[in-house]
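Pasted below: my_file23.csv, CSV, C-alpha atoms.
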```csv
chain,number,residue,atom,x,y,z
A,1,MET,CA,0.0,0.0,0.0
A,2,PRO,CA,1.4,3.4,-0.9
A,3,THR,CA,2.4,5.7,2.0
A,4,VAL,CA,0.1,8.6,2.8
A,5,ALA,CA,2.6,11.0,1.3
A,6,ALA,CA,2.7,9.0,-1.9
A,7,GLN,CA,-1.0,8.9,-2.2
A,8,LEU,CA,-1.2,12.7,-1.7
A,9,ARG,CA,1.6,13.2,-4.2
A,10,ASN,CA,-0.2,11.1,-6.8
A,11,ALA,CA,-3.3,13.2,-6.3
A,12,GLY,CA,-1.3,16.4,-7.1
A,13,CYS,CA,-0.8,17.7,-3.6
A,14,VAL,CA,2.3,20.0,-3.8
A,15,PHE,CA,3.2,19.7,-0.1
A,16,ALA,CA,2.5,16.0,0.2
A,17,GLU,CA,5.0,15.2,3.0
A,18,GLU,CA,3.8,18.1,5.2
A,19,GLU,CA,0.2,17.3,4.7
A,20,ALA,CA,0.7,13.6,5.3
A,21,LYS,CA,2.2,14.4,8.7
A,22,LEU,CA,-0.8,16.5,9.6
A,23,LEU,CA,-3.2,13.8,8.6
A,24,LEU,CA,-1.3,11.1,10.5
A,25,GLU,CA,-1.4,13.3,13.6
A,26,ALA,CA,-5.1,14.2,13.2
A,27,ALA,CA,-6.5,10.7,12.5
A,28,GLN,CA,-7.8,8.8,15.5
A,29,ASP,CA,-7.6,5.4,13.8
A,30,GLU,CA,-6.7,3.7,10.5
A,31,SER,CA,-10.2,4.0,9.1
A,32,GLY,CA,-10.3,7.7,9.9
A,33,LEU,CA,-7.0,8.2,8.3
A,34,ILE,CA,-8.1,6.4,5.1
A,35,LYS,CA,-11.2,8.7,5.0
A,36,MET,CA,-9.1,11.8,5.5
A,37,VAL,CA,-6.6,10.9,2.8
A,38,GLN,CA,-9.5,10.2,0.4
A,39,GLN,CA,-11.0,13.6,1.2
A,40,ARG,CA,-7.7,15.4,0.7
A,41,ALA,CA,-7.0,13.5,-2.5
A,42,SER,CA,-10.4,14.5,-3.9
A,43,GLY,CA,-9.5,18.2,-3.5
A,44,LEU,CA,-10.9,19.1,-0.1
A,45,PRO,CA,-8.6,21.7,1.5
A,46,ILE,CA,-6.3,20.2,4.1
A,47,GLU,CA,-7.6,22.7,6.7
A,48,HIS,CA,-11.1,21.4,6.2
A,49,VAL,CA,-10.0,17.9,6.4
A,50,ILE,CA,-8.2,18.3,9.7
A,51,GLY,CA,-10.5,21.0,11.0
A,52,TRP,CA,-8.0,23.7,11.7
A,53,SER,CA,-5.5,26.1,10.1
A,54,GLU,CA,-2.2,27.5,11.5
A,55,PHE,CA,-2.3,31.3,11.3
A,56,CYS,CA,0.3,33.6,12.8
A,57,GLY,CA,1.4,30.8,15.1
A,58,HIS,CA,-2.2,30.1,16.3
A,59,ARG,CA,-4.3,27.0,15.6
A,60,ILE,CA,-7.6,28.3,14.3
A,61,ALA,CA,-10.7,26.0,14.0
A,62,VAL,CA,-11.9,26.0,10.4
A,63,ASP,CA,-15.1,24.2,9.6
A,64,LYS,CA,-16.0,22.8,6.1
A,65,GLY,CA,-17.3,25.6,3.8
A,66,VAL,CA,-15.6,28.4,5.9
A,67,PHE,CA,-13.0,30.6,4.3
A,68,VAL,CA,-9.5,29.4,5.1
A,69,PRO,CA,-7.3,32.3,6.4
A,70,ARG,CA,-4.5,32.9,3.9
A,71,LYS,CA,-0.8,33.2,4.6
A,72,ARG,CA,-0.7,36.6,2.9
A,73,THR,CA,-3.3,37.9,5.4
A,74,GLU,CA,-0.7,37.5,8.2
A,75,PHE,CA,0.8,40.7,6.8
A,76,LEU,CA,-2.5,42.6,7.5
A,77,VAL,CA,-2.5,41.2,11.1
A,78,GLU,CA,1.1,42.2,11.6
A,79,GLN,CA,0.3,45.8,10.7
A,80,ALA,CA,-2.6,45.8,13.2
A,81,VAL,CA,-0.5,44.3,16.0
A,82,LYS,CA,2.1,47.0,15.5
A,83,LEU,CA,-0.5,49.7,16.0
A,84,ALA,CA,-2.8,48.1,18.6
A,85,LYS,CA,-2.7,49.3,22.2
A,86,ASN,CA,-3.8,47.7,25.5
A,87,GLY,CA,-7.5,48.4,26.1
A,88,ASP,CA,-8.4,48.7,22.4
A,89,ILE,CA,-11.8,47.7,21.1
A,90,ILE,CA,-11.2,45.3,18.1
A,91,LEU,CA,-13.8,44.6,15.5
A,92,ASP,CA,-13.3,41.9,12.9
A,93,LEU,CA,-15.8,42.3,10.0
A,94,CYS,CA,-16.3,39.5,7.4
A,95,CYS,CA,-14.6,37.5,10.1
A,96,GLY,CA,-14.9,34.0,8.7
A,97,SER,CA,-13.2,31.8,11.3
A,98,GLY,CA,-12.4,34.9,13.4
A,99,ALA,CA,-8.6,34.4,12.9
A,100,LEU,CA,-7.6,38.0,12.4
A,101,GLY,CA,-9.3,39.4,15.5
A,102,ILE,CA,-8.0,36.5,17.7
A,103,VAL,CA,-4.4,37.1,16.7
A,104,VAL,CA,-4.5,40.9,17.3
A,105,ALA,CA,-6.3,40.3,20.6
A,106,ALA,CA,-3.6,37.8,21.6
A,107,SER,CA,-1.0,40.5,21.3
A,108,LEU,CA,-2.6,42.6,24.0
A,109,ASP,CA,-3.1,42.2,27.8
A,110,GLU,CA,-6.5,44.0,27.7
A,111,TYR,CA,-9.0,44.3,24.9
A,112,GLN,CA,-12.6,43.9,23.8
A,113,LEU,CA,-13.1,41.7,20.8
A,114,TYR,CA,-16.1,41.7,18.5
A,115,ALA,CA,-16.7,40.0,15.2
A,116,SER,CA,-19.4,39.6,12.6
A,117,ASP,CA,-20.2,37.7,9.4
A,118,LEU,CA,-23.1,37.2,7.1
A,119,ASP,CA,-22.5,33.5,6.7
A,120,PRO,CA,-24.1,31.3,9.4
A,121,LYS,CA,-21.5,28.7,9.0
A,122,ALA,CA,-18.7,31.2,9.5
A,123,VAL,CA,-20.4,32.6,12.6
A,124,GLN,CA,-20.7,29.1,14.1
A,125,CYS,CA,-17.1,28.5,13.4
A,126,ALA,CA,-15.9,31.9,14.6
A,127,ARG,CA,-17.7,31.3,17.9
A,128,LYS,CA,-15.5,28.3,18.5
A,129,ASN,CA,-12.5,30.5,18.2
A,130,VAL,CA,-13.6,33.9,19.5
A,131,THR,CA,-15.8,33.0,22.5
A,132,PRO,CA,-13.0,31.2,24.5
A,133,VAL,CA,-10.9,34.4,24.5
A,134,GLY,CA,-13.8,36.5,25.7
A,135,GLY,CA,-15.0,37.9,22.4
A,136,LYS,CA,-18.5,38.1,20.9
A,137,VAL,CA,-19.6,37.1,17.4
A,138,TYR,CA,-22.7,38.5,15.6
A,139,GLU,CA,-24.5,37.2,12.5
A,140,GLY,CA,-25.5,39.7,9.9
A,141,ASP,CA,-24.4,42.1,7.2
A,142,LEU,CA,-21.3,44.0,8.1
A,143,PHE,CA,-22.1,46.5,10.9
A,144,SER,CA,-25.8,45.8,11.0
A,145,PRO,CA,-26.0,43.2,13.8
A,146,LEU,CA,-23.5,45.0,16.1
A,147,PRO,CA,-24.6,46.8,19.3
A,148,ASP,CA,-25.0,50.6,19.0
A,149,TYR,CA,-22.7,51.2,21.9
A,150,LEU,CA,-19.7,50.4,19.7
A,151,GLN,CA,-20.3,53.4,17.5
A,152,GLY,CA,-17.4,55.8,17.8
A,153,ARG,CA,-15.4,53.5,20.0
A,154,VAL,CA,-13.7,50.9,17.7
A,155,ASN,CA,-9.9,51.4,17.7
A,156,ILE,CA,-8.9,48.5,15.4
A,157,LEU,CA,-11.3,47.6,12.5
A,158,LEU,CA,-10.2,44.6,10.6
A,159,ALA,CA,-12.1,44.1,7.3
A,160,ASN,CA,-10.7,41.3,5.2
A,161,THR,CA,-13.5,41.8,2.7
A,162,PRO,CA,-13.7,39.7,-0.5
A,163,TYR,CA,-11.9,41.6,-3.3
A,164,VAL,CA,-12.0,39.2,-6.2
A,165,PRO,CA,-14.0,40.6,-9.1
A,166,THR,CA,-17.0,38.4,-9.8
A,167,ASP,CA,-15.8,37.4,-13.3
A,168,ALA,CA,-12.4,36.4,-12.0
A,169,ILE,CA,-13.6,33.8,-9.4
A,170,GLU,CA,-13.6,31.1,-12.1
A,171,PHE,CA,-9.9,31.5,-12.3
A,172,LEU,CA,-9.2,30.9,-8.6
A,173,PRO,CA,-7.8,27.6,-7.4
A,174,ALA,CA,-10.4,24.8,-7.2
A,175,GLU,CA,-9.9,24.6,-3.5
A,176,ALA,CA,-11.4,28.1,-3.1
A,177,ARG,CA,-14.0,27.9,-5.9
A,178,GLU,CA,-15.5,24.6,-4.8
A,179,TYR,CA,-15.1,24.4,-1.1
A,180,GLU,CA,-15.4,28.0,0.3
A,181,ALA,CA,-18.5,30.1,0.4
A,182,TRP,CA,-19.0,32.3,-2.7
A,183,MET,CA,-19.8,35.3,-0.5
A,184,ALA,CA,-16.3,35.1,1.0
A,185,LEU,CA,-14.7,35.4,-2.4
A,186,ASP,CA,-17.0,37.7,-4.5
A,187,GLY,CA,-16.1,41.4,-4.4
A,188,GLY,CA,-18.5,42.5,-7.0
A,189,GLU,CA,-17.9,43.7,-10.5
A,190,ASP,CA,-14.6,45.4,-9.8
A,191,GLY,CA,-13.8,43.6,-6.6
A,192,LEU,CA,-14.3,46.7,-4.5
A,193,GLU,CA,-18.0,46.6,-3.8
A,194,ILE,CA,-17.7,45.4,-0.1
A,195,GLN,CA,-14.8,47.7,0.6
A,196,ARG,CA,-16.9,50.7,-0.5
A,197,ARG,CA,-19.7,49.6,1.8
A,198,VAL,CA,-17.3,49.2,4.7
A,199,ALA,CA,-15.5,52.5,4.2
A,200,SER,CA,-18.8,54.5,3.8
A,201,VAL,CA,-19.9,53.5,7.3
A,202,ALA,CA,-16.6,52.9,9.1
A,203,PRO,CA,-16.1,56.5,10.4
A,204,LEU,CA,-19.4,56.2,12.3
A,205,TRP,CA,-17.9,53.2,14.3
A,206,LEU,CA,-14.3,54.2,14.5
A,207,ALA,CA,-13.0,56.0,17.6
A,208,PRO,CA,-10.9,59.2,17.1
A,209,ASN,CA,-7.7,58.0,15.5
A,210,GLY,CA,-9.2,54.6,15.0
A,211,LEU,CA,-7.8,52.5,12.2
A,212,LEU,CA,-9.4,50.5,9.4
A,213,PHE,CA,-7.3,47.7,7.9
A,214,VAL,CA,-8.2,46.2,4.5
A,215,GLU,CA,-6.4,43.7,2.3
A,216,SER,CA,-6.3,44.5,-1.4
A,217,SER,CA,-4.4,43.5,-4.5
A,218,GLU,CA,-1.5,45.5,-5.6
A,219,GLN,CA,-3.5,46.6,-8.7
A,220,GLN,CA,-6.5,47.7,-6.6
A,221,ALA,CA,-4.6,49.5,-3.8
A,222,LEU,CA,-4.8,53.0,-5.2
A,223,GLN,CA,-8.5,52.6,-5.9
A,224,THR,CA,-9.0,51.4,-2.3
A,225,ALA,CA,-7.0,54.4,-1.0
A,226,GLU,CA,-9.2,56.7,-3.1
A,227,ILE,CA,-12.3,55.1,-1.6
A,228,PHE,CA,-10.9,55.8,1.9
A,229,ILE,CA,-10.3,59.4,1.0
A,230,GLN,CA,-13.8,59.8,-0.3
A,231,ASN,CA,-15.0,58.7,3.1
A,232,GLU,CA,-12.7,61.0,5.0
A,233,LEU,CA,-10.3,58.3,6.1
A,234,HIS,CA,-6.6,59.1,5.7
A,235,PRO,CA,-5.0,56.2,3.8
A,236,GLN,CA,-1.6,54.5,3.9
A,237,ILE,CA,-0.6,51.7,1.5
A,238,VAL,CA,1.8,49.0,2.8
A,239,ARG,CA,3.3,46.2,0.8
A,240,CYS,CA,5.0,42.9,1.4
A,241,ASN,CA,6.5,41.4,-1.7
A,242,ASP,CA,7.5,38.1,0.0
A,243,LEU,CA,3.9,37.3,0.8
A,244,ASP,CA,2.5,39.2,-2.3
A,245,ALA,CA,0.4,41.1,0.2
A,246,THR,CA,-1.0,44.6,0.0
A,247,VAL,CA,-2.8,46.3,2.9
A,248,VAL,CA,-4.5,49.7,2.9
A,249,ILE,CA,-4.8,51.4,6.4
A,250,GLY,CA,-7.3,54.2,6.9
A,251,MET,CA,-7.2,56.5,9.9
A,252,LYS,CA,-10.2,58.5,11.2
A,253,LYS,CA,-8.5,61.8,12.3
A,254,GLU,CA,-9.3,62.8,15.8
A,255,ASN,CA,-10.5,66.3,15.2
A,256,GLU,CA,-12.6,65.6,12.1
A,257,ILE,CA,-16.4,65.6,12.3
A,258,ARG,CA,-18.0,63.5,9.6
A,259,VAL,CA,-21.5,64.5,8.4
A,260,LYS,CA,-23.3,61.6,6.7
A,261,LYS,CA,-24.6,62.7,3.4
A,262,PRO,CA,-28.2,61.7,2.7
A,263,THR,CA,-28.6,58.9,0.2
```

Output the file's structure as structure tokens, nothing else.
Amino acid sequence: MPTVAAQLRNAGCVFAEEEAKLLLEAAQDESGLIKMVQQRASGLPIEHVIGWSEFCGHRIAVDKGVFVPRKRTEFLVEQAVKLAKNGDIILDLCCGSGALGIVVAASLDEYQLYASDLDPKAVQCARKNVTPVGGKVYEGDLFSPLPDYLQGRVNILLANTPYVPTDAIEFLPAEAREYEAWMALDGGEDGLEIQRRVASVAPLWLAPNGLLFVESSEQQALQTAEIFIQNELHPQIVRCNDLDATVVIGMKKENEIRVKKPT
């Protein structure tokens, strides 16, 4: 019988040896191992097979169908950790598994952590991760399910919104297209639809000098920065070539008063 690594390699898994080790550690018995190898060989993401993902050194529970936190997104979290302070209120929008907020909170001695997602599966998964560290997870569209008392008090707003243009989703790896929720991938016609919605309301929720962190593609970053400017957020673009990661940070300046224009 071929080894687990050989079976995975034959199925086209690039990191067969590493994944074989994970499967061997996760399986409770031989029949469980066989099932897990079959699932991975069929294309199911390794994180969904074993039930967790390593992100910034933390083990994050990831249920089937829930967006798997990407390695490149560790760069966004690194930027937030650098700027977060003890006592901050952290809000993780489009939270998926809740990975981003958990890691930022873990860097602080004191914090309040909130998260929200529209996908019930993601909310259920996020509660497994966020509740044990004292956070709260809400189900609903962006800010809509959040308690009003957070308005004007959020210091760190993490919004890893989907930014893939709708027509480009078909070109994503099969692991994403077939096994992750469409709403976690689809950023609308130009990929910036959800970013616009977040930025248009974020100043209402951010504290003075509060920060909004958004992941973008290198090609979209200037457009994202312009969206921030249009909503009176002062943008900064940061880039990590090693991870192919681009993050746009928007600050709500302390002395600026934003008047919401009627729509």

Who sits within 6 Å of region 112-123 of chain A, all atoms listed in the file, same chain under 3 positions skipped, as a PDB file with C-alpha atoms, keeping the file's coordinate frame:
```
ATOM      1  CA  VAL A  66     -15.600  28.400   5.900  1.00  0.00           C
ATOM      2  CA  ILE A  89     -11.800  47.700  21.100  1.00  0.00           C
ATOM      3  CA  ILE A  90     -11.200  45.300  18.100  1.00  0.00           C
ATOM      4  CA  LEU A  91     -13.800  44.600  15.500  1.00  0.00           C
ATOM      5  CA  ASP A  92     -13.300  41.900  12.900  1.00  0.00           C
ATOM      6  CA  LEU A  93     -15.800  42.300  10.000  1.00  0.00           C
ATOM      7  CA  CYS A  94     -16.300  39.500   7.400  1.00  0.00           C
ATOM      8  CA  CYS A  95     -14.600  37.500  10.100  1.00  0.00           C
ATOM      9  CA  GLY A  96     -14.900  34.000   8.700  1.00  0.00           C
ATOM     10  CA  SER A  97     -13.200  31.800  11.300  1.00  0.00           C
ATOM     11  CA  ALA A 126     -15.900  31.900  14.600  1.00  0.00           C
ATOM     12  CA  GLY A 135     -15.000  37.900  22.400  1.00  0.00           C
ATOM     13  CA  LYS A 136     -18.500  38.100  20.900  1.00  0.00           C
ATOM     14  CA  VAL A 137     -19.600  37.100  17.400  1.00  0.00           C
ATOM     15  CA  TYR A 138     -22.700  38.500  15.600  1.00  0.00           C
ATOM     16  CA  GLU A 139     -24.500  37.200  12.500  1.00  0.00           C
ATOM     17  CA  GLY A 140     -25.500  39.700   9.900  1.00  0.00           C
ATOM     18  CA  ASP A 141     -24.400  42.100   7.200  1.00  0.00           C
TER      19      ASP A 141
END
```

Taking into account only C-alpha atoms, which residue in the set A:Ala168, A:Ala174, A:Leu222, A:Leu157 is nearest to Pro203 (chain A)?
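Comparing A:Ala168, A:Ala174, A:Leu222, A:Leu157 against Pro203 (chain A), the winner is A:Leu157.
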
Dig up all the protein and nucleic acid residues within 10 Å of (-5.8, 33.5, 4.5) in the file frame, using all atoms listed in the file, and format them as a list in words.
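So the residues meeting the distance criterion are Ser53, Glu54, Phe55, Phe67, Val68, Pro69, Arg70, Lys71, Arg72, Thr73, Glu74, Ala99, Leu100 and Asn160 of chain A.
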
Which neighbours of Trp205 (chain A) fall inside 9 Å, counting all atoms listed in the file, when residues of the same chain fewer than 3 positions from it are skipped, and could you give them as a list in words?
Phe143, Asp148, Leu150, Gln151, Gly152, Arg153, Val154, Asn155, Leu157, Val201, Ala202 and Gly210 of chain A

Residue subset to file, keeping C-alpha atoms, as an mmCIF file, keeping the file's coordinate frame:
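For reference, selection-v6.cif as written:
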```cif
data_model
loop_
_atom_site.group_PDB
_atom_site.id
_atom_site.type_symbol
_atom_site.label_atom_id
_atom_site.label_comp_id
_atom_site.auth_asym_id
_atom_site.auth_seq_id
_atom_site.Cartn_x
_atom_site.Cartn_y
_atom_site.Cartn_z
ATOM 1 C CA PHE A 143 -22.100 46.500 10.900
ATOM 2 C CA ASP A 148 -25.000 50.600 19.000
ATOM 3 C CA LEU A 150 -19.700 50.400 19.700
ATOM 4 C CA GLN A 151 -20.300 53.400 17.500
ATOM 5 C CA GLY A 152 -17.400 55.800 17.800
ATOM 6 C CA ARG A 153 -15.400 53.500 20.000
ATOM 7 C CA VAL A 154 -13.700 50.900 17.700
ATOM 8 C CA ASN A 155 -9.900 51.400 17.700
ATOM 9 C CA LEU A 157 -11.300 47.600 12.500
ATOM 10 C CA VAL A 201 -19.900 53.500 7.300
ATOM 11 C CA ALA A 202 -16.600 52.900 9.100
ATOM 12 C CA GLY A 210 -9.200 54.600 15.000
#
```

Quick check, in Å to one decimal: how far apart do CA of Val198 (chain A) and CA of Lys85 (chain A) lie?
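Atom-to-atom, CA of Val198 (chain A) to CA of Lys85 (chain A), that is 22.8 Å.
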
Counting all atoms listed in the file, which of A:Glu175, A:Asp109, A:Glu25, A:Glu193 gets nearest to Gly43 (chain A)?
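Among the listed residues, the smallest separation from Gly43 (chain A) belongs to A:Glu175.
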
Measure the distance from CA of Met251 (chain A) to CA of Asn209 (chain A) in Å and round it to one decimal.
5.8 Å

Which residues are close to Glu254 (chain A), i.e. within 8 Å by all atoms listed in the file, leaving aside same-chain residues fewer than 2 positions away? Reply as number ranges by chain.
A: 207-209, 252, 256

What is the CA of Val164 (chain A)-CA of Val248 (chain A) distance in Å, reported with one decimal?
15.8 Å

Return the single residue from A:Glu189, A:Glu215, A:Glu232, A:Glu180 that is closest to Asp167 (chain A), with distances computed using all atoms listed in the file.
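Of all the options, A:Glu189 lies closest to Asp167 (chain A).
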
Restricting the calculation to only C-alpha atoms, which member of A:Asn86, A:Asn129, A:Gln38, A:Gln195 is positioned closest to Tyr163 (chain A)?
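Residue with the minimum atom-to-atom distance to Tyr163 (chain A): A:Gln195.
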
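With all atoms listed in the file as the atoms that count, the minimum distance from Ala84 (chain A) to the choices A:Ala6, A:Ile156, A:Leu212, A:Ala26 is reached by A:Ile156.
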
For Ala245 (chain A), which of A:Thr161, A:Ser217, A:Gln79, A:Thr3 is the closest residue, counting all atoms listed in the file?
A:Ser217

Give as a list in words the set of residues within 12 Å of the point (-1.0, 11.3, 10.5), where distances use the file's coordinates and all atoms listed in the file.
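Output of the proximity query reads Thr3, Val4, Ala5, Ala16, Glu17, Glu18, Glu19, Ala20, Lys21, Leu22, Leu23, Leu24, Glu25, Ala26, Ala27, Gln28, Asp29, Glu30, Ser31, Gly32, Leu33, Ile34, Lys35, Met36, Val37, Val49 and Ile50 of chain A.
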
Since we have the selection now, will you write its residues out, keeping C-alpha atoms, as a compact mmCIF listing (two decimals), in the coordinates of the input?
```
# COMPACT_ATOMS: atom_id res chain seq x y z
CA THR A 3 2.40 5.70 2.00
CA VAL A 4 0.10 8.60 2.80
CA ALA A 5 2.60 11.00 1.30
CA ALA A 16 2.50 16.00 0.20
CA GLU A 17 5.00 15.20 3.00
CA GLU A 18 3.80 18.10 5.20
CA GLU A 19 0.20 17.30 4.70
CA ALA A 20 0.70 13.60 5.30
CA LYS A 21 2.20 14.40 8.70
CA LEU A 22 -0.80 16.50 9.60
CA LEU A 23 -3.20 13.80 8.60
CA LEU A 24 -1.30 11.10 10.50
CA GLU A 25 -1.40 13.30 13.60
CA ALA A 26 -5.10 14.20 13.20
CA ALA A 27 -6.50 10.70 12.50
CA GLN A 28 -7.80 8.80 15.50
CA ASP A 29 -7.60 5.40 13.80
CA GLU A 30 -6.70 3.70 10.50
CA SER A 31 -10.20 4.00 9.10
CA GLY A 32 -10.30 7.70 9.90
CA LEU A 33 -7.00 8.20 8.30
CA ILE A 34 -8.10 6.40 5.10
CA LYS A 35 -11.20 8.70 5.00
CA MET A 36 -9.10 11.80 5.50
CA VAL A 37 -6.60 10.90 2.80
CA VAL A 49 -10.00 17.90 6.40
CA ILE A 50 -8.20 18.30 9.70
```

Extract, using all atoms listed in the file, all DNA, RNA and protein residues at most 8 Å from Val103 (chain A), discarding same-chain residues fewer than 3 positions from it, and format them as a count of residues only.
7
